[in-house]
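Printed here is target-v4.cif (mmCIF, C-alpha atoms):
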```
data_run
#
loop_
_atom_site.label_atom_id
_atom_site.label_comp_id
_atom_site.auth_asym_id
_atom_site.auth_seq_id
_atom_site.Cartn_x
_atom_site.Cartn_y
_atom_site.Cartn_z
CA MET I 1 0.00 0.00 0.00
CA ARG I 2 1.36 3.37 -1.06
CA LYS I 3 2.04 5.93 1.67
CA VAL I 4 1.58 9.70 1.24
CA GLN I 5 1.92 12.67 3.55
CA SER I 6 -1.55 14.10 3.01
CA LEU I 7 -4.72 13.36 1.09
CA VAL I 8 -7.60 15.69 0.24
CA ILE I 9 -10.94 14.12 -0.66
CA GLY I 10 -13.06 16.37 -2.88
CA ALA I 11 -11.82 18.69 -5.63
CA GLY I 12 -14.35 21.45 -5.10
CA PRO I 13 -13.60 24.96 -3.77
CA ALA I 14 -12.55 23.77 -0.30
CA GLY I 15 -10.51 20.82 -1.52
CA LEU I 16 -8.63 22.82 -4.14
CA ALA I 17 -7.80 25.57 -1.65
CA ALA I 18 -6.60 23.04 0.93
CA THR I 19 -4.43 21.27 -1.63
CA ILE I 20 -2.80 24.52 -2.71
CA GLU I 21 -1.96 25.49 0.88
CA ILE I 22 -0.36 22.12 1.71
CA ALA I 23 1.68 22.27 -1.49
CA LYS I 24 2.75 25.84 -0.68
CA GLY I 25 4.25 24.55 2.54
CA GLY I 26 6.27 21.98 0.62
CA GLY I 27 4.07 19.02 1.50
CA GLU I 28 3.24 15.95 -0.55
CA VAL I 29 -0.47 16.04 -1.26
CA VAL I 30 -2.85 13.88 -3.29
CA LEU I 31 -6.22 15.33 -4.32
CA ILE I 32 -8.89 12.77 -5.15
CA ASP I 33 -12.39 13.22 -6.60
CA GLU I 34 -15.10 10.97 -8.00
CA ASN I 35 -15.87 13.29 -10.92
CA ALA I 36 -14.22 13.44 -14.32
CA LYS I 37 -13.39 17.11 -13.88
CA PRO I 38 -12.23 19.03 -10.79
CA GLY I 39 -13.74 22.32 -9.64
CA GLY I 40 -16.97 21.26 -8.01
CA GLN I 41 -19.74 23.86 -7.93
CA LEU I 42 -17.58 26.73 -9.17
CA PHE I 43 -17.86 25.85 -12.83
CA LYS I 44 -21.63 26.23 -12.90
CA GLN I 45 -21.57 29.58 -11.11
CA ILE I 46 -21.64 32.24 -13.81
CA HIS I 47 -22.53 35.06 -11.43
CA LYS I 48 -19.99 37.41 -9.86
CA PHE I 49 -19.00 36.84 -6.25
CA PHE I 50 -19.73 39.36 -3.49
CA GLY I 51 -17.45 40.49 -0.70
CA SER I 52 -14.06 42.16 -0.82
CA LYS I 53 -11.12 41.95 -3.21
CA GLU I 54 -9.49 39.28 -1.03
CA HIS I 55 -12.68 37.21 -1.43
CA ARG I 56 -12.46 37.67 -5.22
CA ALA I 57 -15.46 39.96 -5.39
CA GLY I 58 -16.54 40.82 -8.92
CA ILE I 59 -15.09 37.61 -10.36
CA ARG I 60 -17.38 34.94 -11.77
CA GLY I 61 -17.40 31.52 -10.16
CA TYR I 62 -16.04 29.67 -13.18
CA ASP I 63 -13.14 32.12 -13.44
CA ILE I 64 -12.30 31.52 -9.76
CA GLY I 65 -12.41 27.79 -10.49
CA THR I 66 -10.03 28.24 -13.41
CA GLN I 67 -7.61 30.17 -11.18
CA LEU I 68 -7.70 27.50 -8.48
CA LEU I 69 -7.13 24.72 -11.00
CA ALA I 70 -4.14 26.58 -12.45
CA GLU I 71 -2.67 27.02 -8.96
CA THR I 72 -3.26 23.35 -8.16
CA THR I 73 -1.57 22.22 -11.36
CA SER I 74 1.45 24.48 -10.85
CA SER I 75 1.75 23.42 -7.19
CA GLY I 76 2.85 19.94 -8.16
CA ALA I 77 -0.02 18.24 -6.32
CA GLU I 78 -1.14 14.85 -7.63
CA VAL I 79 -4.77 14.80 -8.79
CA LEU I 80 -6.74 11.56 -9.08
CA LEU I 81 -10.08 11.90 -10.92
CA ASP I 82 -12.81 9.36 -11.65
CA SER I 83 -11.89 7.91 -8.27
CA PRO I 84 -14.80 7.57 -5.84
CA VAL I 85 -13.71 7.05 -2.23
CA TYR I 86 -15.68 4.40 -0.37
CA GLY I 87 -13.72 4.06 2.86
CA VAL I 88 -11.70 6.13 5.32
CA TYR I 89 -10.29 4.12 8.22
CA PRO I 90 -7.95 5.15 11.05
CA HIS I 91 -4.90 2.88 10.89
CA ASN I 92 -2.03 2.34 13.31
CA GLU I 93 0.32 3.89 10.74
CA GLY I 94 -2.00 6.68 9.61
CA ILE I 95 -5.34 6.86 7.82
CA MET I 96 -6.22 4.36 5.13
CA VAL I 97 -8.34 5.61 2.24
CA SER I 98 -9.95 3.08 -0.10
CA TYR I 99 -11.16 4.13 -3.56
CA LEU I 100 -11.99 2.87 -7.03
CA HIS I 101 -10.03 3.88 -10.10
CA ARG I 102 -10.73 2.44 -13.54
CA GLU I 103 -12.82 -0.30 -11.91
CA GLN I 104 -9.94 -1.36 -9.70
CA GLU I 105 -9.92 -1.21 -5.90
CA LYS I 106 -6.99 0.80 -4.57
CA ALA I 107 -5.84 2.27 -1.26
CA LEU I 108 -3.55 4.97 0.06
CA LEU I 109 -2.16 5.39 3.56
CA ALA I 110 -1.97 9.06 4.53
CA GLU I 111 -0.60 10.80 7.60
CA LYS I 112 -3.32 13.47 7.35
CA VAL I 113 -6.66 13.51 5.51
CA ILE I 114 -8.93 16.45 4.71
CA LEU I 115 -12.56 15.63 3.95
CA ALA I 116 -13.95 18.23 1.55
CA SER I 117 -16.83 16.21 0.13
CA GLY I 118 -19.27 19.12 -0.07
CA GLY I 119 -23.03 18.98 0.31
CA MET I 120 -26.11 17.57 -1.37
CA GLU I 121 -29.41 19.19 -2.26
CA ASN I 122 -32.41 18.72 -0.04
CA THR I 123 -35.69 17.72 -1.60
CA LEU I 124 -39.42 17.91 -0.90
CA SER I 125 -42.03 15.18 -0.86
CA PHE I 126 -45.48 15.96 -2.27
CA PRO I 127 -47.97 14.20 -4.56
CA GLY I 128 -46.38 13.97 -8.01
CA SER I 129 -42.89 14.79 -6.74
CA THR I 130 -41.38 11.87 -8.69
CA LEU I 131 -42.63 13.05 -12.08
CA PRO I 132 -39.99 13.79 -14.73
CA GLY I 133 -39.36 17.52 -14.80
CA ILE I 134 -38.95 17.89 -11.03
CA MET I 135 -35.33 18.43 -10.04
CA GLY I 136 -32.99 20.21 -7.68
CA ALA I 137 -32.06 23.78 -8.55
CA GLY I 138 -28.41 22.71 -8.64
CA CYS I 139 -29.26 20.09 -11.23
CA ALA I 140 -30.94 22.74 -13.39
CA GLN I 141 -27.91 25.02 -12.95
CA THR I 142 -25.59 22.25 -14.10
CA MET I 143 -27.77 21.60 -17.14
CA ILE I 144 -27.84 25.21 -18.33
CA ASN I 145 -24.38 26.44 -17.33
CA VAL I 146 -22.25 23.33 -17.85
CA ASN I 147 -24.12 21.16 -20.35
CA ARG I 148 -25.95 23.97 -22.16
CA VAL I 149 -29.27 22.11 -21.97
CA LEU I 150 -32.49 23.89 -21.04
CA PRO I 151 -34.37 21.72 -18.51
CA GLY I 152 -37.74 23.19 -19.45
CA LYS I 153 -39.50 26.25 -20.81
CA LYS I 154 -42.03 27.00 -18.06
CA VAL I 155 -40.44 26.77 -14.62
CA ILE I 156 -41.66 27.03 -11.03
CA MET I 157 -38.89 27.62 -8.48
CA VAL I 158 -39.47 26.46 -4.90
CA GLY I 159 -37.26 28.24 -2.35
CA SER I 160 -36.04 31.83 -2.14
CA GLY I 161 -32.55 31.39 -0.71
CA ASN I 162 -29.62 32.62 -2.78
CA VAL I 163 -29.58 29.40 -4.80
CA GLY I 164 -33.24 29.70 -5.73
CA LEU I 165 -32.90 33.37 -6.61
CA ILE I 166 -29.66 33.06 -8.58
CA VAL I 167 -30.69 29.94 -10.51
CA SER I 168 -34.06 31.53 -11.34
CA TYR I 169 -32.29 34.45 -12.97
CA GLN I 170 -29.85 32.17 -14.78
CA LEU I 171 -32.76 30.11 -16.11
CA MET I 172 -34.21 33.32 -17.53
CA GLN I 173 -30.85 34.14 -19.12
CA ALA I 174 -30.85 30.67 -20.68
CA GLY I 175 -34.27 31.27 -22.24
CA ALA I 176 -36.70 29.74 -19.75
CA ASP I 177 -39.81 31.48 -18.45
CA VAL I 178 -39.77 31.38 -14.65
CA LEU I 179 -43.47 31.70 -13.92
CA ALA I 180 -43.19 32.07 -10.15
CA LEU I 181 -40.85 31.64 -7.23
CA ILE I 182 -42.61 30.35 -4.13
CA GLU I 183 -41.37 30.44 -0.55
CA GLY I 184 -42.97 28.88 2.53
CA ALA I 185 -41.56 31.50 4.91
CA PRO I 186 -43.14 34.96 5.19
CA SER I 187 -40.04 36.62 3.69
CA ILE I 188 -37.33 35.75 1.18
CA GLY I 189 -34.28 33.90 2.46
CA GLY I 190 -31.60 35.27 0.12
CA TYR I 191 -30.04 38.63 -0.65
CA GLY I 192 -32.31 41.46 -1.76
CA VAL I 193 -30.07 42.25 -4.74
CA HIS I 194 -30.80 38.82 -6.21
CA ALA I 195 -34.53 39.08 -5.46
CA GLY I 196 -34.59 42.47 -7.14
CA LYS I 197 -33.37 40.98 -10.40
CA ILE I 198 -36.16 38.41 -10.33
CA ARG I 199 -38.85 40.99 -9.65
CA ARG I 200 -37.56 43.40 -12.30
CA ALA I 201 -37.71 40.55 -14.81
CA GLY I 202 -41.42 40.20 -14.04
CA THR I 203 -41.37 36.98 -12.01
CA PRO I 204 -43.61 37.10 -8.93
CA ILE I 205 -42.14 35.97 -5.61
CA LYS I 206 -44.93 34.41 -3.59
CA VAL I 207 -43.95 34.21 0.08
CA SER I 208 -46.01 32.15 2.53
CA HIS I 209 -46.74 29.70 -0.29
CA THR I 210 -45.81 26.10 -0.90
CA ILE I 211 -46.30 23.48 -3.57
CA LYS I 212 -49.28 21.23 -2.86
CA ARG I 213 -48.95 18.78 -5.75
CA ALA I 214 -47.59 18.33 -9.25
CA LEU I 215 -49.95 17.29 -12.03
CA GLY I 216 -49.22 15.29 -15.15
CA GLU I 217 -49.16 11.87 -16.74
CA ASN I 218 -45.64 11.13 -17.97
CA GLN I 219 -44.11 14.47 -16.96
CA VAL I 220 -44.97 17.64 -15.11
CA GLU I 221 -47.78 19.52 -16.81
CA ALA I 222 -48.91 21.81 -14.00
CA VAL I 223 -48.44 22.48 -10.30
CA GLU I 224 -50.89 23.41 -7.61
CA ILE I 225 -49.61 25.91 -5.07
CA VAL I 226 -51.29 27.02 -1.87
CA GLN I 227 -50.88 29.77 0.69
CA VAL I 228 -49.79 28.77 4.21
CA ASP I 229 -50.32 30.36 7.61
CA ASP I 230 -47.65 31.26 10.17
CA LYS I 231 -47.42 27.59 11.18
CA PHE I 232 -46.99 26.50 7.53
CA ARG I 233 -50.48 24.98 7.39
CA PRO I 234 -52.24 25.18 3.99
CA LEU I 235 -55.09 27.69 3.86
CA ALA I 236 -58.16 26.22 2.20
CA GLY I 237 -59.45 28.21 -0.75
CA THR I 238 -56.06 29.73 -1.66
CA GLU I 239 -55.06 27.00 -4.14
CA GLU I 240 -53.80 28.07 -7.55
CA ILE I 241 -52.92 25.87 -10.52
CA ILE I 242 -50.11 27.01 -12.82
CA ALA I 243 -49.26 25.26 -16.10
CA ALA I 244 -45.56 24.36 -16.01
CA ASP I 245 -43.20 21.72 -17.37
CA THR I 246 -40.43 22.03 -14.76
CA VAL I 247 -40.22 22.40 -11.00
CA CYS I 248 -36.88 23.30 -9.41
CA ILE I 249 -36.40 22.63 -5.70
CA ALA I 250 -34.08 25.00 -3.82
CA VAL I 251 -34.70 24.23 -0.16
CA GLY I 252 -31.16 24.10 1.11
CA LEU I 253 -28.25 21.68 1.30
CA SER I 254 -27.12 19.03 3.74
CA PRO I 255 -23.45 18.18 4.42
CA LEU I 256 -22.19 15.05 2.64
CA THR I 257 -20.92 13.35 5.76
CA GLU I 258 -20.89 9.61 5.01
CA LEU I 259 -17.09 9.33 5.09
CA ALA I 260 -16.91 11.25 8.37
CA TRP I 261 -19.47 8.91 9.95
CA LEU I 262 -17.60 5.92 8.59
CA CYS I 263 -14.28 6.85 10.17
CA GLY I 264 -15.83 7.52 13.58
CA CYS I 265 -15.98 11.30 13.79
CA GLU I 266 -18.18 12.76 16.52
CA PHE I 267 -21.14 14.85 15.31
CA THR I 268 -23.46 17.54 16.53
CA TYR I 269 -26.75 18.73 15.08
CA ILE I 270 -26.94 22.37 13.98
CA PRO I 271 -29.90 23.06 11.63
CA LEU I 272 -28.49 26.40 10.43
CA LEU I 273 -25.42 24.58 9.07
CA GLY I 274 -27.45 21.90 7.30
CA GLY I 275 -28.04 19.30 10.01
CA HIS I 276 -25.49 16.83 11.38
CA VAL I 277 -21.95 18.19 11.08
CA PRO I 278 -18.64 16.75 12.29
CA ILE I 279 -17.38 18.42 15.44
CA HIS I 280 -14.10 20.17 14.66
CA ASN I 281 -11.72 22.58 16.34
CA GLU I 282 -10.26 25.92 15.22
CA ASN I 283 -7.82 24.03 12.95
CA MET I 284 -10.74 22.18 11.27
CA GLU I 285 -9.52 18.90 12.83
CA THR I 286 -12.25 16.47 13.85
CA SER I 287 -12.47 14.25 16.93
CA VAL I 288 -10.46 11.63 15.00
CA PRO I 289 -6.78 12.74 15.10
CA GLY I 290 -5.40 13.46 11.65
CA ILE I 291 -8.78 13.85 9.94
CA TYR I 292 -9.86 17.38 9.03
CA VAL I 293 -12.95 18.84 7.35
CA ALA I 294 -13.49 21.90 5.16
CA GLY I 295 -16.35 23.37 3.16
CA ASP I 296 -19.96 22.24 3.22
CA ILE I 297 -19.19 19.00 5.05
CA ALA I 298 -18.17 21.24 7.97
CA GLY I 299 -21.42 23.21 7.76
CA VAL I 300 -23.18 24.55 4.67
CA GLU I 301 -22.22 28.14 3.87
CA GLU I 302 -21.03 30.00 0.77
CA ALA I 303 -18.31 29.05 -1.73
CA SER I 304 -16.10 31.89 -0.45
CA THR I 305 -16.31 30.44 3.06
CA ALA I 306 -15.57 26.95 1.75
CA MET I 307 -12.35 28.18 0.13
CA GLU I 308 -11.24 29.93 3.31
CA GLU I 309 -11.93 26.83 5.40
CA GLY I 310 -9.94 24.83 2.87
CA ARG I 311 -7.02 27.21 3.27
CA LEU I 312 -7.29 26.97 7.04
CA ALA I 313 -7.33 23.17 7.01
CA GLY I 314 -4.42 23.10 4.55
CA ILE I 315 -2.27 25.39 6.69
CA ALA I 316 -3.13 23.38 9.81
CA VAL I 317 -2.18 20.11 8.09
CA ALA I 318 1.09 21.61 6.87
CA GLN I 319 1.86 22.72 10.42
CA ALA I 320 0.96 19.30 11.86
CA LEU I 321 3.31 17.68 9.34
CA GLY I 322 6.13 19.91 10.55
CA LEU I 323 6.26 21.96 7.35
CA TYR I 324 5.51 25.21 9.17
CA PRO I 325 6.88 26.14 12.61
CA PRO I 326 4.23 27.66 14.90
CA GLU I 327 5.61 31.17 14.48
CA GLU I 328 4.83 30.96 10.74
CA ALA I 329 1.59 28.96 10.91
CA VAL I 330 -0.18 31.03 13.56
CA PRO I 331 -0.14 34.34 11.61
CA LEU I 332 -1.26 32.54 8.45
CA LYS I 333 -4.20 30.96 10.26
CA GLU I 334 -5.10 34.26 11.90
CA GLU I 335 -5.31 35.90 8.47
CA VAL I 336 -7.73 33.21 7.31
CA TRP I 337 -9.83 33.50 10.47
CA ASN I 338 -10.07 37.27 9.97
CA ARG I 339 -11.38 36.72 6.44
CA LEU I 340 -13.82 34.06 7.67
CA ASN I 341 -15.13 36.36 10.39
CA THR I 342 -15.62 39.08 7.79
CA LEU I 343 -17.68 36.72 5.65
CA ARG I 344 -19.78 35.82 8.69
CA THR I 345 -20.98 39.35 9.40
CA GLY I 346 -24.29 40.99 8.56
CA PRO I 347 -27.85 39.70 9.10
CA PHE I 348 -27.19 36.32 7.46
CA GLY I 349 -23.54 35.82 8.35
CA GLN I 350 -23.91 36.54 12.07
CA LYS I 351 -26.17 33.52 12.52
CA ARG I 352 -23.57 31.32 10.84
CA PHE I 353 -20.86 32.87 13.01
CA ASP I 354 -22.86 31.92 16.10
CA ALA I 355 -23.36 28.40 14.72
CA LYS I 356 -19.61 28.01 14.15
CA VAL I 357 -18.93 29.19 17.68
CA GLU I 358 -21.30 26.45 18.82
CA LEU I 359 -19.23 23.92 16.87
CA LEU I 360 -15.98 25.08 18.43
CA GLN I 361 -17.54 24.86 21.88
CA ALA I 362 -18.66 21.31 21.12
CA ALA I 363 -15.06 20.47 20.19
CA LYS I 364 -13.97 21.74 23.60
CA GLY I 365 -16.62 19.77 25.42
CA GLY I 366 -18.94 22.75 25.73
CA ASN I 367 -16.55 24.84 27.79
#
```

Go through the file and emit its structure as structure tokens.
Amino acid sequence: MRKVQSLVIGAGPAGLAATIEIAKGGGEVVLIDENAKPGGQLFKQIHKFFGSKEHRAGIRGYDIGTQLLAETTSSGAEVLLDSPVYGVYPHNEGIMVSYLHREQEKALLAEKVILASGGMENTLSFPGSTLPGIMGAGCAQTMINVNRVLPGKKVIMVGSGNVGLIVSYQLMQAGADVLALIEGAPSIGGYGVHAGKIRRAGTPIKVSHTIKRALGENQVEAVEIVQVDDKFRPLAGTEEIIAADTVCIAVGLSPLTELAWLCGCEFTYIPLLGGHVPIHNENMETSVPGIYVAGDIAGVEEASTAMEEGRLAGIAVAQALGLYPPEEAVPLKEEVWNRLNTLRTGPFGQKRFDAKVELLQAAKGGN
């Protein structure tokens, strides 16, 4: 079995950033991903990022992905694609990672492992929810921005977080007619600037509404929506049927945590971060020594946050491997934490900041 210094699982924003940081410190790092192409969600994000210059504000997601890939390639890191990981096991000589590559079972033994497996879309269950034409908003975004395929012409979007708002506008840009965006809560969940684009384009945003059922024989032909009260109970007599061929579901993400469960990491449940998340300390290290997390697996936030957490985990791994002395590592980590804290400000960010503080307290036993 081949031995390596460090292994990063997941070649999305967090994984790429972590890989770059380990390589910067002079470490041997292998980046592994189940997909044929690296980059994760970045390459379907055609919108410009918010924030400051250091968070790459004003740059489109796919351009940020291109930059990260170029840095990864020039760093000398080894990248294994088409290689799904199916096991992560603490071993007396390190951490064993089992994966498939070209239909062959293989394994690596790493001193340190960073799990950057990302998140998965949540879904909704309602009558007709299995009809063709009903999909996650991320699926629709992949179809239009990566594969250049329009998922449908008449779309209903369910969920008004940033994903629902952004993908609605991108569907319009791709030529679809977004007939309505519905939201169960009494107010939108995403940024007003994104909602403004939707409204200016003529798409109504119906808050305190949910989807009651989808209608159709072999595919979606219409949806029935209904108004809900403050306890999310349907209000009789408020039903409305809208002819549509596509329903996109944008009701949040959950961390992809299977590998963390498998290797014995301790978890805590924080709904604001997507549900069950691995407990980790300020270095992104979990309760299992040598296993770190970064990005959506550590709590669902934004791509900018995922990249910063990847950098933090990468620097911490480099320090743990002896590549950085403390006097060099500490200032580098402080810089990342300052950027993370900046991202977690404002009406939306403060709640995530509080949730992350809760995670750090869990890592310290609640003290």

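Note that the spacing between CA of Glu335 in chain I and CA of Leu7 in chain I amounts to 23.7 Å.
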
(message) Set the distance at 8 Å and use all atoms listed in the file: which residues neighbour range 154-170 of chain I once local chain neighbours fewer than 3 positions away are removed? I'd like the list as a PyMOL selection string.
(response) chain I and resi 47+137-138+140-141+173-174+176-184+188-191+194-195+197-198+210-211+243-252

(message) Using Å and a single decimal, report how far CA of Ala306 in chain I sits from CA of Gly65 in chain I.
(response)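 Rounded to one decimal, the two atoms are 12.7 Å apart.
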
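With distances restricted to only C-alpha atoms, I:Gln319 is the closest residue to Lys24 in chain I from I:Asn145, I:Thr268, I:Gln319, I:Asn122.
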
(request) Please measure the separation of CA of Gly27 in chain I and CA of Leu360 in chain I, giving the value in Å to one decimal. (result)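 Calculated distance between CA of Gly27 in chain I and CA of Leu360 in chain I is 26.9 Å.
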
(request) Step by step, work through what the PyMOL selection byres ((chain I and resi 223) around 6) selects in the shown file, and finish by giving those residues as a PyMOL selection string. (result) chain I and resi 213-215+222+224+241-242

Any chance you can output those residues with C-alpha atoms as an mmCIF file, in the coordinates of the input?
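Okay, selection_25.cif is ready:
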```
data_model
loop_
_atom_site.group_PDB
_atom_site.id
_atom_site.type_symbol
_atom_site.label_atom_id
_atom_site.label_comp_id
_atom_site.auth_asym_id
_atom_site.auth_seq_id
_atom_site.Cartn_x
_atom_site.Cartn_y
_atom_site.Cartn_z
ATOM 1 C CA ARG I 213 -48.950 18.780 -5.750
ATOM 2 C CA ALA I 214 -47.590 18.330 -9.250
ATOM 3 C CA LEU I 215 -49.950 17.290 -12.030
ATOM 4 C CA ALA I 222 -48.910 21.810 -14.000
ATOM 5 C CA GLU I 224 -50.890 23.410 -7.610
ATOM 6 C CA ILE I 241 -52.920 25.870 -10.520
ATOM 7 C CA ILE I 242 -50.110 27.010 -12.820
#
```

(message) With the PyMOL selection byres ((chain I and resi 263) around 9) as the selection, what would be picked from this file? Answer as a count of residues only, please.
(response) 13

(message) I'd like the residues picked by the PyMOL selection byres ((chain I and resi 92) around 12) written out as a PyMOL selection string, using the chain letters and numbers from the file.
(response) chain I and resi 89-91+93-96+109-111+289-290

(request) May I ask which of the residues I:Ser254, I:Val300, I:Arg311, I:Thr19 is the closest one to Ser74 in chain I, counting all atoms listed in the file? (result) I:Thr19

Kindly reconstruct range 255-279 of chain I with N, CA and C atoms and present the result as a PDB file, keeping the file's coordinate frame.
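Dumped to selection-v4.pdb:
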```pdb
ATOM      1  N   PRO I 255     -24.850  18.615   4.571  1.00  0.00           N
ATOM      2  CA  PRO I 255     -23.450  18.180   4.420  1.00  0.00           C
ATOM      3  C   PRO I 255     -23.372  16.717   3.977  1.00  0.00           C
ATOM      4  N   LEU I 256     -22.443  16.434   3.073  1.00  0.00           N
ATOM      5  CA  LEU I 256     -22.190  15.050   2.640  1.00  0.00           C
ATOM      6  C   LEU I 256     -21.203  14.429   3.618  1.00  0.00           C
ATOM      7  N   THR I 257     -21.728  13.743   4.601  1.00  0.00           N
ATOM      8  CA  THR I 257     -20.920  13.350   5.760  1.00  0.00           C
ATOM      9  C   THR I 257     -20.654  11.852   5.876  1.00  0.00           C
ATOM     10  N   GLU I 258     -21.000  11.065   4.866  1.00  0.00           N
ATOM     11  CA  GLU I 258     -20.890   9.610   5.010  1.00  0.00           C
ATOM     12  C   GLU I 258     -19.480   9.167   5.409  1.00  0.00           C
ATOM     13  N   LEU I 259     -18.468   9.742   4.789  1.00  0.00           N
ATOM     14  CA  LEU I 259     -17.090   9.330   5.090  1.00  0.00           C
ATOM     15  C   LEU I 259     -16.707   9.710   6.525  1.00  0.00           C
ATOM     16  N   ALA I 260     -17.209  10.840   6.989  1.00  0.00           N
ATOM     17  CA  ALA I 260     -16.910  11.250   8.370  1.00  0.00           C
ATOM     18  C   ALA I 260     -17.587  10.320   9.373  1.00  0.00           C
ATOM     19  N   TRP I 261     -18.808   9.886   9.083  1.00  0.00           N
ATOM     20  CA  TRP I 261     -19.470   8.910   9.950  1.00  0.00           C
ATOM     21  C   TRP I 261     -18.685   7.599   9.949  1.00  0.00           C
ATOM     22  N   LEU I 262     -18.257   7.208   8.743  1.00  0.00           N
ATOM     23  CA  LEU I 262     -17.600   5.920   8.590  1.00  0.00           C
ATOM     24  C   LEU I 262     -16.307   5.818   9.391  1.00  0.00           C
ATOM     25  N   CYS I 263     -15.571   6.904   9.468  1.00  0.00           N
ATOM     26  CA  CYS I 263     -14.280   6.850  10.170  1.00  0.00           C
ATOM     27  C   CYS I 263     -14.403   7.198  11.648  1.00  0.00           C
ATOM     28  N   GLY I 264     -15.636   7.378  12.148  1.00  0.00           N
ATOM     29  CA  GLY I 264     -15.830   7.520  13.580  1.00  0.00           C
ATOM     30  C   GLY I 264     -15.805   8.926  14.134  1.00  0.00           C
ATOM     31  N   CYS I 265     -15.965   9.924  13.293  1.00  0.00           N
ATOM     32  CA  CYS I 265     -15.980  11.300  13.790  1.00  0.00           C
ATOM     33  C   CYS I 265     -17.216  11.537  14.671  1.00  0.00           C
ATOM     34  N   GLU I 266     -17.047  12.345  15.701  1.00  0.00           N
ATOM     35  CA  GLU I 266     -18.180  12.760  16.520  1.00  0.00           C
ATOM     36  C   GLU I 266     -18.945  13.871  15.798  1.00  0.00           C
ATOM     37  N   PHE I 267     -20.276  13.886  15.994  1.00  0.00           N
ATOM     38  CA  PHE I 267     -21.140  14.850  15.310  1.00  0.00           C
ATOM     39  C   PHE I 267     -21.955  15.654  16.301  1.00  0.00           C
ATOM     40  N   THR I 268     -22.443  16.789  15.818  1.00  0.00           N
ATOM     41  CA  THR I 268     -23.460  17.540  16.530  1.00  0.00           C
ATOM     42  C   THR I 268     -24.483  18.005  15.511  1.00  0.00           C
ATOM     43  N   TYR I 269     -25.658  18.356  15.989  1.00  0.00           N
ATOM     44  CA  TYR I 269     -26.750  18.730  15.080  1.00  0.00           C
ATOM     45  C   TYR I 269     -26.994  20.228  15.163  1.00  0.00           C
ATOM     46  N   ILE I 270     -26.738  20.924  14.053  1.00  0.00           N
ATOM     47  CA  ILE I 270     -26.940  22.370  13.980  1.00  0.00           C
ATOM     48  C   ILE I 270     -27.747  22.666  12.709  1.00  0.00           C
ATOM     49  N   PRO I 271     -29.057  22.865  12.814  1.00  0.00           N
ATOM     50  CA  PRO I 271     -29.900  23.060  11.630  1.00  0.00           C
ATOM     51  C   PRO I 271     -29.416  24.169  10.706  1.00  0.00           C
ATOM     52  N   LEU I 272     -28.926  25.274  11.267  1.00  0.00           N
ATOM     53  CA  LEU I 272     -28.490  26.400  10.430  1.00  0.00           C
ATOM     54  C   LEU I 272     -27.340  26.016   9.506  1.00  0.00           C
ATOM     55  N   LEU I 273     -26.557  25.018   9.888  1.00  0.00           N
ATOM     56  CA  LEU I 273     -25.420  24.580   9.070  1.00  0.00           C
ATOM     57  C   LEU I 273     -25.763  23.346   8.225  1.00  0.00           C
ATOM     58  N   GLY I 274     -27.033  22.983   8.189  1.00  0.00           N
ATOM     59  CA  GLY I 274     -27.450  21.900   7.300  1.00  0.00           C
ATOM     60  C   GLY I 274     -27.815  20.609   7.987  1.00  0.00           C
ATOM     61  N   GLY I 275     -27.690  20.530   9.308  1.00  0.00           N
ATOM     62  CA  GLY I 275     -28.040  19.300  10.010  1.00  0.00           C
ATOM     63  C   GLY I 275     -26.876  18.752  10.812  1.00  0.00           C
ATOM     64  N   HIS I 276     -26.597  17.463  10.655  1.00  0.00           N
ATOM     65  CA  HIS I 276     -25.490  16.830  11.380  1.00  0.00           C
ATOM     66  C   HIS I 276     -24.154  17.233  10.746  1.00  0.00           C
ATOM     67  N   VAL I 277     -23.283  17.778  11.558  1.00  0.00           N
ATOM     68  CA  VAL I 277     -21.950  18.190  11.080  1.00  0.00           C
ATOM     69  C   VAL I 277     -20.886  17.620  12.007  1.00  0.00           C
ATOM     70  N   PRO I 278     -19.724  17.260  11.445  1.00  0.00           N
ATOM     71  CA  PRO I 278     -18.640  16.750  12.290  1.00  0.00           C
ATOM     72  C   PRO I 278     -18.121  17.833  13.228  1.00  0.00           C
ATOM     73  N   ILE I 279     -17.980  17.480  14.483  1.00  0.00           N
ATOM     74  CA  ILE I 279     -17.380  18.420  15.440  1.00  0.00           C
ATOM     75  C   ILE I 279     -15.920  18.627  15.052  1.00  0.00           C
TER      76      ILE I 279
END
```
